[in-house]
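Printed here is coords-v6.cif (mmCIF, C-alpha atoms and all ligand atoms):
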data_input
#
loop_
_atom_site.label_atom_id
_atom_site.label_comp_id
_atom_site.auth_asym_id
_atom_site.auth_seq_id
_atom_site.Cartn_x
_atom_site.Cartn_y
_atom_site.Cartn_z
CA MET W 1 -18.02 -55.74 -80.14
CA PRO W 2 -19.16 -53.48 -82.99
CA ALA W 3 -16.95 -50.49 -83.76
CA ARG W 4 -18.44 -47.24 -82.53
CA ILE W 5 -16.06 -44.88 -84.18
CA PRO W 6 -17.87 -41.91 -85.81
CA ASP W 7 -19.46 -39.53 -83.29
CA PRO W 8 -23.25 -40.19 -83.34
CA ALA W 9 -23.85 -36.52 -82.44
CA LEU W 10 -22.70 -35.73 -86.00
CA PHE W 11 -25.17 -38.03 -87.74
CA PRO W 12 -27.59 -35.92 -89.85
CA LYS W 13 -30.59 -37.27 -87.97
CA ASP W 14 -33.13 -34.64 -89.01
CA ALA W 15 -32.15 -34.84 -92.67
CA ILE W 16 -32.42 -38.64 -92.52
CA GLN W 17 -35.84 -38.45 -90.87
CA GLU W 18 -36.99 -35.96 -93.51
CA ALA W 19 -35.64 -38.22 -96.28
CA TYR W 20 -37.47 -41.34 -95.00
CA ASN W 21 -40.70 -39.32 -94.67
CA ALA W 22 -40.43 -37.81 -98.15
CA ILE W 23 -39.47 -41.11 -99.80
CA LEU W 24 -42.18 -43.13 -98.05
CA SER W 25 -44.88 -40.61 -98.83
CA GLU W 26 -43.88 -40.02 -102.45
CA ASN W 27 -42.19 -43.22 -103.61
CA ALA W 28 -43.00 -46.07 -101.18
CA GLY W 29 -43.59 -48.64 -103.93
CA ALA W 30 -40.08 -48.33 -105.33
CA ALA W 31 -38.42 -47.75 -101.94
CA LEU W 32 -39.82 -50.97 -100.46
CA GLN W 33 -39.40 -53.05 -103.60
CA TYR W 34 -36.53 -55.24 -104.88
CA SER W 35 -34.11 -53.26 -107.03
CA VAL W 36 -31.12 -53.82 -109.35
CA SER W 37 -27.81 -55.26 -108.12
CA GLU W 38 -25.80 -52.32 -109.52
CA GLY W 39 -27.55 -49.99 -107.08
CA TYR W 40 -30.02 -47.07 -107.12
CA LYS W 41 -29.36 -45.18 -110.35
CA PRO W 42 -29.74 -41.60 -109.03
CA LEU W 43 -27.23 -42.42 -106.26
CA ARG W 44 -24.77 -43.82 -108.82
CA GLN W 45 -25.33 -40.66 -110.87
CA TRP W 46 -24.58 -38.50 -107.80
CA LEU W 47 -21.42 -40.55 -107.26
CA VAL W 48 -20.31 -39.89 -110.86
CA GLY W 49 -20.31 -36.19 -109.87
CA HIS W 50 -18.57 -36.93 -106.57
CA MET W 51 -15.86 -38.97 -108.30
CA ALA W 52 -15.44 -36.16 -110.89
CA SER W 53 -14.69 -33.80 -107.98
CA LEU W 54 -11.77 -36.15 -107.14
CA GLY W 55 -10.51 -36.03 -110.74
CA VAL W 56 -12.07 -39.37 -111.70
CA GLU W 57 -13.93 -39.26 -115.02
CA CYS W 58 -16.40 -42.14 -115.07
CA THR W 59 -19.96 -43.19 -115.94
CA ILE W 60 -22.56 -44.98 -113.84
CA ASP W 61 -21.34 -48.25 -115.39
CA ASN W 62 -18.12 -47.77 -113.41
CA ILE W 63 -20.03 -47.74 -110.10
CA ILE W 64 -21.70 -50.40 -107.97
CA ILE W 65 -23.37 -49.69 -104.61
CA THR W 66 -22.39 -52.05 -101.79
CA THR W 67 -23.68 -52.69 -98.27
CA GLY W 68 -20.93 -50.63 -96.65
CA SER W 69 -17.44 -50.68 -98.10
CA GLN W 70 -16.73 -53.73 -95.94
CA GLN W 71 -18.88 -55.78 -98.32
CA ALA W 72 -16.76 -54.60 -101.24
CA LEU W 73 -13.63 -55.99 -99.52
CA ASP W 74 -15.30 -59.36 -99.11
CA TYR W 75 -16.46 -59.42 -102.74
CA LEU W 76 -13.03 -58.38 -104.01
CA GLY W 77 -11.43 -61.15 -101.97
CA LYS W 78 -13.95 -63.59 -103.44
CA LEU W 79 -13.27 -62.31 -106.97
CA PHE W 80 -9.48 -62.39 -106.94
CA ILE W 81 -8.16 -64.74 -104.26
CA SER W 82 -7.71 -68.52 -104.29
CA PRO W 83 -6.15 -70.27 -101.27
CA GLY W 84 -2.40 -69.69 -101.15
CA ASP W 85 -2.42 -66.57 -103.36
CA THR W 86 -0.60 -63.48 -102.16
CA ILE W 87 -2.09 -60.13 -101.21
CA LEU W 88 0.25 -57.15 -100.90
CA THR W 89 -0.62 -54.76 -98.13
CA THR W 90 1.01 -52.26 -95.80
CA TRP W 91 2.34 -53.25 -92.37
CA PRO W 92 0.08 -52.25 -90.53
CA THR W 93 -3.19 -52.32 -92.47
CA TYR W 94 -6.95 -52.16 -91.81
CA LEU W 95 -7.88 -55.11 -89.59
CA GLY W 96 -11.31 -55.47 -91.25
CA ALA W 97 -9.61 -55.93 -94.63
CA LEU W 98 -7.46 -58.76 -93.24
CA GLN W 99 -10.62 -60.31 -91.77
CA ALA W 100 -12.51 -60.00 -95.07
CA PHE W 101 -9.65 -61.44 -97.13
CA ASN W 102 -8.74 -64.19 -94.64
CA ALA W 103 -11.92 -66.09 -95.59
CA TYR W 104 -10.25 -66.72 -98.98
CA GLU W 105 -7.07 -68.10 -97.37
CA PRO W 106 -4.40 -65.82 -98.79
CA ARG W 107 -0.85 -65.20 -97.64
CA TYR W 108 0.32 -61.61 -97.27
CA ASP W 109 3.46 -59.84 -98.36
CA ARG W 110 4.53 -56.41 -97.27
CA LEU W 111 3.78 -53.43 -99.48
CA THR W 112 6.08 -50.51 -98.76
CA PRO W 113 4.56 -47.10 -99.54
CA GLU W 114 8.10 -45.71 -99.86
CA GLY W 115 8.43 -48.06 -102.85
CA GLY W 116 11.55 -49.70 -104.17
CA ASN W 117 12.32 -52.09 -101.30
CA THR W 118 11.09 -55.15 -103.09
CA THR W 119 10.99 -55.68 -106.84
CA PRO W 120 8.01 -57.12 -108.76
CA ALA W 121 10.16 -60.18 -109.52
CA ALA W 122 10.91 -60.72 -105.81
CA TYR W 123 7.21 -60.47 -104.92
CA MET W 124 6.36 -62.99 -107.66
CA GLN W 125 9.10 -65.41 -106.62
CA SER W 126 8.03 -65.51 -102.99
CA ALA W 127 4.39 -65.93 -104.03
CA GLU W 128 5.27 -68.85 -106.30
CA LYS W 129 7.45 -70.44 -103.61
CA ALA W 130 4.38 -70.31 -101.35
CA GLY W 131 2.35 -72.12 -104.02
CA GLY W 132 0.27 -69.24 -105.42
CA GLN W 133 0.49 -65.96 -107.30
CA VAL W 134 0.41 -62.28 -106.39
CA LYS W 135 -3.25 -61.48 -107.05
CA LEU W 136 -4.15 -58.24 -105.28
CA ALA W 137 -2.80 -55.15 -103.51
CA TYR W 138 -4.74 -53.29 -100.83
CA LEU W 139 -4.11 -50.05 -98.96
CA THR W 140 -5.73 -47.01 -97.41
CA ALA W 141 -4.04 -44.04 -99.07
CA ASP W 142 -5.73 -41.29 -97.01
CA PHE W 143 -5.69 -41.12 -93.18
CA SER W 144 -5.27 -44.83 -92.80
CA ASN W 145 -6.90 -46.97 -90.19
CA PRO W 146 -4.86 -47.55 -88.03
CA THR W 147 -2.05 -44.98 -88.49
CA GLY W 148 -3.89 -41.82 -89.61
CA GLU W 149 -1.16 -41.34 -92.20
CA THR W 150 -1.53 -40.42 -95.86
CA ILE W 151 0.56 -41.65 -98.79
CA GLY W 152 2.09 -38.86 -100.89
CA ARG W 153 1.67 -38.36 -104.63
CA SER W 154 4.98 -39.80 -105.78
CA GLU W 155 4.56 -42.92 -103.59
CA ARG W 156 1.06 -43.35 -105.03
CA ALA W 157 2.50 -43.23 -108.55
CA LYS W 158 5.16 -45.83 -107.62
CA LEU W 159 2.53 -48.17 -106.15
CA ILE W 160 0.39 -47.85 -109.28
CA GLU W 161 3.45 -48.65 -111.37
CA LEU W 162 4.04 -51.75 -109.25
CA ALA W 163 0.41 -52.89 -109.74
CA HIS W 164 0.83 -52.55 -113.52
CA GLU W 165 4.16 -54.36 -113.50
CA LEU W 166 2.65 -57.20 -111.48
CA ASP W 167 -0.56 -57.01 -113.57
CA ILE W 168 -2.74 -57.01 -110.46
CA PRO W 169 -5.65 -54.89 -109.20
CA LEU W 170 -4.88 -52.44 -106.39
CA ILE W 171 -7.68 -51.56 -103.96
CA GLU W 172 -7.64 -47.91 -102.86
CA ASP W 173 -9.67 -47.95 -99.64
CA ALA W 174 -10.96 -44.39 -99.42
CA ALA W 175 -13.19 -44.75 -96.35
CA TYR W 176 -11.67 -41.61 -94.72
CA ARG W 177 -10.88 -39.64 -97.89
CA SER W 178 -13.34 -36.75 -97.23
CA LEU W 179 -12.13 -36.17 -93.66
CA ARG W 180 -9.14 -33.86 -94.33
CA PHE W 181 -8.70 -31.17 -91.67
CA ASN W 182 -5.64 -29.37 -93.03
CA GLY W 183 -2.95 -29.74 -95.68
CA GLU W 184 -3.26 -30.54 -99.39
CA ASN W 185 -5.25 -33.41 -100.83
CA ALA W 186 -3.12 -35.93 -102.72
CA PRO W 187 -4.84 -37.03 -105.95
CA SER W 188 -6.89 -40.18 -105.67
CA MET W 189 -4.92 -43.21 -106.88
CA LEU W 190 -7.72 -43.99 -109.32
CA ALA W 191 -7.38 -40.46 -110.78
CA LEU W 192 -3.62 -40.99 -111.15
CA ASP W 193 -4.18 -44.35 -112.84
CA ILE W 194 -6.66 -42.75 -115.28
CA GLU W 195 -4.00 -40.11 -116.06
CA ARG W 196 -1.53 -42.91 -116.75
CA GLU W 197 -3.87 -45.08 -118.85
CA GLY W 198 -6.01 -42.43 -120.57
CA GLU W 199 -9.35 -43.94 -119.47
CA ILE W 200 -10.91 -45.63 -116.47
CA ASP W 201 -11.64 -48.92 -118.20
CA LYS W 202 -7.92 -49.61 -118.59
CA THR W 203 -7.02 -48.91 -114.96
CA ARG W 204 -5.88 -51.31 -112.23
CA VAL W 205 -6.98 -49.20 -109.24
CA ILE W 206 -10.28 -50.15 -107.59
CA TYR W 207 -11.66 -47.25 -105.53
CA SER W 208 -13.66 -48.34 -102.50
CA GLY W 209 -15.79 -45.53 -101.03
CA SER W 210 -18.13 -45.23 -98.06
CA PHE W 211 -20.78 -42.92 -96.61
CA SER W 212 -20.08 -44.34 -93.14
CA LYS W 213 -17.63 -41.68 -91.98
CA THR W 214 -19.36 -38.70 -93.62
CA LEU W 215 -23.12 -39.33 -93.24
CA THR W 216 -23.80 -42.46 -91.17
CA PRO W 217 -22.51 -46.04 -90.91
CA GLY W 218 -25.87 -47.48 -89.83
CA LEU W 219 -27.52 -47.36 -93.25
CA ARG W 220 -24.62 -49.44 -94.64
CA VAL W 221 -24.06 -47.72 -97.96
CA GLY W 222 -20.72 -47.77 -99.78
CA TRP W 223 -19.60 -47.98 -103.39
CA VAL W 224 -16.89 -49.25 -105.71
CA CYS W 225 -15.66 -47.20 -108.67
CA ALA W 226 -13.47 -49.11 -111.13
CA ALA W 227 -13.03 -50.35 -114.70
CA LYS W 228 -16.28 -51.73 -116.17
CA PRO W 229 -15.13 -55.37 -116.41
CA ILE W 230 -14.49 -55.38 -112.65
CA ILE W 231 -17.84 -53.72 -111.87
CA SER W 232 -19.65 -56.31 -114.05
CA LYS W 233 -18.07 -59.15 -112.08
CA LEU W 234 -18.94 -57.51 -108.76
CA VAL W 235 -22.54 -57.14 -109.95
CA LEU W 236 -22.71 -60.91 -110.55
CA ILE W 237 -21.22 -61.62 -107.12
CA LYS W 238 -23.69 -59.22 -105.48
CA GLN W 239 -26.63 -60.74 -107.36
CA ALA W 240 -25.66 -64.14 -105.98
CA ALA W 241 -24.90 -62.91 -102.46
CA ASP W 242 -27.68 -60.49 -101.49
CA LEU W 243 -29.39 -59.30 -104.75
CA HIS W 244 -28.90 -55.63 -103.85
CA SER W 245 -28.25 -53.27 -100.95
CA PRO W 246 -31.44 -52.11 -99.18
CA THR W 247 -33.34 -49.94 -101.70
CA ILE W 248 -34.74 -47.45 -99.20
CA ASN W 249 -31.33 -46.87 -97.56
CA GLN W 250 -29.75 -46.09 -100.92
CA MET W 251 -32.60 -43.65 -101.66
CA VAL W 252 -32.20 -41.99 -98.26
CA ILE W 253 -28.43 -41.63 -98.67
CA HIS W 254 -29.01 -40.11 -102.12
CA HIS W 255 -31.64 -37.70 -100.76
CA VAL W 256 -29.35 -36.57 -97.92
CA ALA W 257 -26.07 -36.50 -99.90
CA LYS W 258 -27.66 -34.38 -102.65
CA ARG W 259 -28.75 -31.73 -100.17
CA HIS W 260 -26.23 -31.87 -97.31
CA PHE W 261 -23.02 -33.76 -98.23
CA ASP W 262 -20.60 -30.81 -98.31
CA GLN W 263 -22.07 -29.19 -95.22
CA GLN W 264 -22.00 -32.50 -93.36
CA VAL W 265 -18.37 -33.13 -94.30
CA SER W 266 -17.28 -29.70 -93.13
CA LYS W 267 -19.19 -30.14 -89.86
CA ALA W 268 -17.48 -33.49 -89.24
CA CYS W 269 -14.06 -32.07 -90.16
CA ASP W 270 -14.51 -29.10 -87.80
CA SER W 271 -15.46 -31.37 -84.94
CA TYR W 272 -12.74 -33.99 -85.52
CA ARG W 273 -10.06 -31.34 -86.20
CA LEU W 274 -10.56 -29.88 -82.73
CA ARG W 275 -10.32 -33.30 -81.11
CA ARG W 276 -7.25 -34.21 -83.16
CA ASP W 277 -5.65 -30.97 -81.93
CA HIS W 278 -6.53 -31.78 -78.31
CA MET W 279 -5.14 -35.28 -78.69
CA LEU W 280 -1.82 -34.11 -80.20
CA GLN W 281 -1.47 -31.43 -77.53
CA ALA W 282 -2.23 -33.92 -74.75
CA LEU W 283 0.30 -36.39 -76.14
CA GLN W 284 2.89 -33.63 -76.26
CA ASN W 285 2.07 -32.73 -72.65
CA TYR W 286 1.97 -36.18 -71.10
CA MET W 287 3.94 -38.80 -73.03
CA PRO W 288 7.40 -39.72 -71.74
CA GLU W 289 10.53 -39.79 -73.87
CA GLY W 290 10.82 -42.89 -76.05
CA VAL W 291 7.16 -42.76 -77.13
CA THR W 292 6.39 -41.45 -80.64
CA TRP W 293 3.14 -40.90 -82.55
CA THR W 294 1.77 -39.88 -85.94
CA LYS W 295 0.37 -36.41 -86.65
CA PRO W 296 -2.57 -37.07 -88.95
CA GLU W 297 -4.04 -34.38 -91.21
CA GLY W 298 -7.42 -36.10 -91.16
CA GLY W 299 -9.34 -39.26 -90.28
CA MET W 300 -9.90 -40.58 -86.78
CA PHE W 301 -6.70 -42.18 -85.50
CA VAL W 302 -3.30 -41.53 -83.99
CA TRP W 303 -0.75 -44.35 -84.06
CA MET W 304 1.63 -44.63 -81.18
CA THR W 305 4.95 -46.46 -81.06
CA LEU W 306 6.03 -47.46 -77.57
CA PRO W 307 9.59 -48.29 -76.53
CA GLU W 308 10.74 -51.52 -78.21
CA HIS W 309 10.31 -53.85 -75.23
CA MET W 310 6.74 -52.71 -74.34
CA ASP W 311 3.74 -54.76 -75.41
CA GLY W 312 0.55 -52.94 -76.50
CA ALA W 313 -1.68 -55.86 -75.43
CA ASP W 314 -0.17 -55.98 -71.92
CA LEU W 315 -0.51 -52.22 -71.66
CA LEU W 316 -4.19 -52.43 -72.67
CA ALA W 317 -4.91 -55.00 -69.96
CA LYS W 318 -3.33 -52.74 -67.33
CA SER W 319 -4.94 -49.64 -68.80
CA ILE W 320 -8.47 -51.07 -68.67
CA LYS W 321 -7.97 -52.34 -65.14
CA GLU W 322 -6.13 -49.40 -63.61
CA ILE W 323 -7.06 -46.23 -65.54
CA GLN W 324 -10.13 -47.11 -67.65
CA VAL W 325 -8.57 -45.96 -70.91
CA ALA W 326 -9.20 -48.09 -74.00
CA PHE W 327 -7.19 -48.36 -77.24
CA VAL W 328 -6.40 -51.10 -79.73
CA PRO W 329 -3.09 -53.02 -79.50
CA GLY W 330 -1.30 -52.48 -82.80
CA SER W 331 -0.28 -56.04 -83.61
CA ALA W 332 -3.88 -56.84 -84.68
CA PHE W 333 -3.24 -54.64 -87.73
CA PHE W 334 -0.13 -56.49 -88.90
CA ALA W 335 -0.66 -59.41 -91.26
CA ASP W 336 2.33 -61.17 -89.64
CA GLY W 337 1.34 -60.35 -86.04
CA SER W 338 4.36 -58.07 -85.51
CA GLY W 339 4.15 -54.47 -84.23
CA LYS W 340 3.74 -55.57 -80.60
CA ASN W 341 5.00 -52.20 -79.30
CA THR W 342 2.34 -50.17 -81.15
CA ILE W 343 -1.19 -49.03 -80.26
CA ARG W 344 -4.04 -47.24 -82.06
CA LEU W 345 -5.65 -44.28 -80.35
CA ASN W 346 -8.95 -42.80 -81.53
CA TYR W 347 -10.03 -39.19 -81.04
CA SER W 348 -13.35 -39.11 -82.93
CA LEU W 349 -15.54 -40.02 -79.98
CA PRO W 350 -14.23 -38.54 -76.68
CA ASN W 351 -14.59 -34.84 -75.90
CA ALA W 352 -11.64 -32.54 -75.13
CA GLU W 353 -11.77 -33.15 -71.39
CA ALA W 354 -11.91 -36.94 -71.75
CA ILE W 355 -9.00 -36.83 -74.22
CA ASP W 356 -6.92 -34.76 -71.81
CA THR W 357 -7.70 -36.91 -68.77
CA GLY W 358 -7.23 -40.14 -70.72
CA MET W 359 -3.85 -39.16 -72.19
CA ALA W 360 -2.61 -37.83 -68.82
CA ARG W 361 -3.44 -41.19 -67.23
CA LEU W 362 -1.97 -43.17 -70.11
CA GLY W 363 1.22 -41.10 -70.00
CA THR W 364 1.62 -41.87 -66.28
CA LEU W 365 0.90 -45.56 -66.81
CA ILE W 366 3.54 -45.78 -69.55
CA LYS W 367 6.06 -43.86 -67.40
CA ASN W 368 5.42 -46.28 -64.53
CA GLN W 369 5.85 -49.26 -66.84
CA LEU W 370 9.15 -47.86 -68.08
CA ALA W 371 10.35 -47.49 -64.50
CA VAL W 372 9.65 -51.17 -63.70
N1 LIG B 401 -12.17 -49.39 -94.61
C1 LIG B 401 -11.63 -48.82 -93.53
C2 LIG B 401 -10.21 -48.37 -93.61
C3 LIG B 401 -12.38 -48.70 -92.35
O1 LIG B 401 -11.82 -48.16 -91.26
C4 LIG B 401 -13.72 -49.15 -92.34
C5 LIG B 401 -14.61 -49.03 -91.10
N2 LIG B 401 -14.01 -49.22 -89.90
C6 LIG B 401 -14.23 -49.74 -93.50
C7 LIG B 401 -13.43 -49.83 -94.62
C8 LIG B 401 -15.62 -50.30 -93.56
O2 LIG B 401 -16.56 -49.32 -93.43
P1 LIG B 401 -18.05 -49.44 -93.95
O3 LIG B 401 -18.34 -50.87 -94.25
O4 LIG B 401 -18.89 -48.90 -92.86
O5 LIG B 401 -18.10 -48.60 -95.20
#
Can the structure in the file be given as structure tokens, please?
Ligand code: PMP
Amino acid sequence: MPARIPDPALFPKDAIQEAYNAILSENAGAALQYSVSEGYKPLRQWLVGHMASLGVECTIDNIIITTGSQQALDYLGKLFISPGDTILTTWPTYLGALQAFNAYEPRYDRLTPEGGNTTPAAYMQSAEKAGGQVKLAYLTADFSNPTGETIGRSERAKLIELAHELDIPLIEDAAYRSLRFNGENAPSMLALDIEREGEIDKTRVIYSGSFSKTLTPGLRVGWVCAAKPIISKLVLIKQAADLHSPTINQMVIHHVAKRHFDQQVSKACDSYRLRRDHMLQALQNYMPEGVTWTKPEGGMFVWMTLPEHMDGADLLAKSIKEIQVAFVPGSAFFADGSGKNTIRLNYSLPNAEAIDTGMARLGTLIKNQLAV
């Protein structure tokens, strides 16, 4: 089933309609034509400005447009992973990243945002024992899917240090980066790596961005910002895979982003902030003792930890049947299948009333399960 996570009521439908009309009446030849694999130049230029607002100094040669950021994960897996190689990632991590990388037959080792638990040498030894090498690290630093949590500045610096010590690229999945409702932004990991190295072309961090959570997922436009040698390789992979992302969609995203990006982001943040508040309040009201959850400052998810002996998948089966409340069992997000007593809740789609009713019912179901 396709994910239906952003609220469609927030999609800038009129602006998109206006953009298609303007582009088709003024520039149909280019919009409907093949175009370059790097992506639509004015959009890459706009992204240079966007990245500068995150503290990332770059040029258009540091940017490739992809068909959603999901495509970037596939291409990066293709670029770096041979069967048996090791990918470092958090426990839990984005399920779609595991799915994209799994095609290249990696093994996974646990990346701890707190840092310091495992040394570079220990990571390398276990990778070699398993018949490969540590080739890649992947994480969502801001409002992760599934936990909603953000990694702090000093942990980011430690993780960058680790990537340099291991001499591996580190993917910073920034799909939710713009959706901060409160609190202070931590610097982008790519910005921190540029600070460390003096220039983007010496960095290890690969920033993976997306318009899916800010404008619309349906046009499938994302981007990668990284050192030029990495972008050049991704361009070759893209040329071979699909030539380029749809020209007209890139032009439409550029047209809309240029005029409405900031306003759109603040509209989305206002709407999701309210729902996040309702969700946290409802959890506070209805969840029994022994259940804990994250308190995200942005994004779309709350991560719940159930008492040790409870199983998220069993709870989902009962929940669907008895109370019609859906969530995702947490173990799907663990590379080793652990985390059975966790679940991912999403507040970006239901309204306040549905959140309240749903959490009240879920709280009762969990209480009843605990009493069994
Ligand atoms: N990364 C994360 C963390 C996500 O949650 C998603 C969408 N669910 C993606 C990447 C992919 O998004 P898209 O391809 O629409 O940019």
Expected selection as a list of chain:residue names for ligand LIG 401 (chain B) within 6 Å, all atoms listed in the file:
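Answer in the requested format: W:Gly68, W:Ser69, W:Gln70, W:Tyr94, W:Asn145, W:Asp173, W:Ala175, W:Ser210, W:Ser212, W:Pro217, W:Gly222.
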Do you have the atom CA of Lys135 of chain W-atom CA of Cys225 of chain W distance handy?
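Rounded to one decimal, the two atoms are 19.0 Å apart.
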Could you check which of W:Ile64, W:Leu32, W:Glu57, W:Glu18 is closest to Gln239 of chain W, using all atoms listed in the file?
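Between W:Ile64, W:Leu32, W:Glu57, W:Glu18, the residue approaching Gln239 of chain W most closely is W:Ile64.
Here atom CA of Gly183 of chain W stands at a distance of 12.0 Å from atom CA of Arg273 of chain W.
Among the candidates W:Ser25, W:Ser188, W:Thr93, W:Asn62, the one nearest to Arg110 of chain W when counting all atoms listed in the file is W:Thr93.
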Enter the distance from atom CA of Gly148 of chain W to atom CA of Arg204 of chain W, in Å, rounded to one decimal.
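Interatomic distance here is 24.6 Å.
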Test item: residues at most 10 Å from Ser178 of chain W, only C-alpha atoms, excluding those fewer than 3 positions along its chain, as a PyMOL selection string
chain W and resi 142-143+174-175+181+185+209-211+213-214+262+265-266+268-269+298-299
Can you write just those residues out, C-alpha atoms, as an mmCIF file, keeping the file's coordinate frame?
data_model
loop_
_atom_site.group_PDB
_atom_site.id
_atom_site.type_symbol
_atom_site.label_atom_id
_atom_site.label_comp_id
_atom_site.auth_asym_id
_atom_site.auth_seq_id
_atom_site.Cartn_x
_atom_site.Cartn_y
_atom_site.Cartn_z
ATOM 1 C CA ASP W 142 -5.730 -41.290 -97.010
ATOM 2 C CA PHE W 143 -5.690 -41.120 -93.180
ATOM 3 C CA ALA W 174 -10.960 -44.390 -99.420
ATOM 4 C CA ALA W 175 -13.190 -44.750 -96.350
ATOM 5 C CA PHE W 181 -8.700 -31.170 -91.670
ATOM 6 C CA ASN W 185 -5.250 -33.410 -100.830
ATOM 7 C CA GLY W 209 -15.790 -45.530 -101.030
ATOM 8 C CA SER W 210 -18.130 -45.230 -98.060
ATOM 9 C CA PHE W 211 -20.780 -42.920 -96.610
ATOM 10 C CA LYS W 213 -17.630 -41.680 -91.980
ATOM 11 C CA THR W 214 -19.360 -38.700 -93.620
ATOM 12 C CA ASP W 262 -20.600 -30.810 -98.310
ATOM 13 C CA VAL W 265 -18.370 -33.130 -94.300
ATOM 14 C CA SER W 266 -17.280 -29.700 -93.130
ATOM 15 C CA ALA W 268 -17.480 -33.490 -89.240
ATOM 16 C CA CYS W 269 -14.060 -32.070 -90.160
ATOM 17 C CA GLY W 298 -7.420 -36.100 -91.160
ATOM 18 C CA GLY W 299 -9.340 -39.260 -90.280
#
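Distance annotation: of W:Val134, W:Ile60, W:Ile160, W:Val291, the residue with the minimal separation from Arg196 of chain W is W:Ile160; atom set is all atoms listed in the file.
Among the candidate residues W:Ala15, W:Leu192, W:Ala326, W:Val302, the one lying nearest to Phe261 of chain W is W:Ala15, with distances computed using all atoms listed in the file.
Across W:Ile323, W:Ala241, W:Ala30, W:Val221, the tightest approach to Ile253 of chain W is made by W:Val221 when counting all atoms listed in the file.
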Restricting the calculation to all atoms listed in the file, which member of W:Pro146, W:Gly363, W:Pro307, W:Gly339 is positioned closest to Tyr176 of chain W?
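Distance minimum relative to Tyr176 of chain W lands on W:Pro146.
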Could you list as a CSV table (one decimal) with C-alpha atoms, in the frame of the given file every residue that has an atom within 8 Å of (-22.5, -37.2, -88.2), using the file's coordinates and counting only C-alpha atoms?
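See result26.csv below for the written result:
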chain,number,residue,atom,x,y,z
W,6,PRO,CA,-17.9,-41.9,-85.8
W,7,ASP,CA,-19.5,-39.5,-83.3
W,8,PRO,CA,-23.2,-40.2,-83.3
W,9,ALA,CA,-23.8,-36.5,-82.4
W,10,LEU,CA,-22.7,-35.7,-86.0
W,11,PHE,CA,-25.2,-38.0,-87.7
W,12,PRO,CA,-27.6,-35.9,-89.8
W,213,LYS,CA,-17.6,-41.7,-92.0
W,214,THR,CA,-19.4,-38.7,-93.6
W,215,LEU,CA,-23.1,-39.3,-93.2
W,216,THR,CA,-23.8,-42.5,-91.2
W,264,GLN,CA,-22.0,-32.5,-93.4
W,267,LYS,CA,-19.2,-30.1,-89.9
W,268,ALA,CA,-17.5,-33.5,-89.2
Counting all atoms listed in the file, which residues come within 8 Å of (-0.9, -51.7, -98.0), with the point read in the file's coordinates, and could you list them as a list in words?
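Counting all atoms listed in the file, I find these residues within 8 Å of (-0.9, -51.7, -98.0): Leu88, Thr89, Thr90, Trp91, Pro92, Thr93, Arg110, Leu111, Thr112, Pro113, Ala137, Tyr138, Leu139 and Thr140 of chain W.
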Selected residues written out, C-alpha atoms, as a PDB file, in the coordinates of the input:
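Full text of part-v2.pdb as output:
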ATOM      1  CA  LEU W  88       0.250 -57.150-100.900  1.00  0.00           C
ATOM      2  CA  THR W  89      -0.620 -54.760 -98.130  1.00  0.00           C
ATOM      3  CA  THR W  90       1.010 -52.260 -95.800  1.00  0.00           C
ATOM      4  CA  TRP W  91       2.340 -53.250 -92.370  1.00  0.00           C
ATOM      5  CA  PRO W  92       0.080 -52.250 -90.530  1.00  0.00           C
ATOM      6  CA  THR W  93      -3.190 -52.320 -92.470  1.00  0.00           C
ATOM      7  CA  ARG W 110       4.530 -56.410 -97.270  1.00  0.00           C
ATOM      8  CA  LEU W 111       3.780 -53.430 -99.480  1.00  0.00           C
ATOM      9  CA  THR W 112       6.080 -50.510 -98.760  1.00  0.00           C
ATOM     10  CA  PRO W 113       4.560 -47.100 -99.540  1.00  0.00           C
ATOM     11  CA  ALA W 137      -2.800 -55.150-103.510  1.00  0.00           C
ATOM     12  CA  TYR W 138      -4.740 -53.290-100.830  1.00  0.00           C
ATOM     13  CA  LEU W 139      -4.110 -50.050 -98.960  1.00  0.00           C
ATOM     14  CA  THR W 140      -5.730 -47.010 -97.410  1.00  0.00           C
TER      15      THR W 140
END
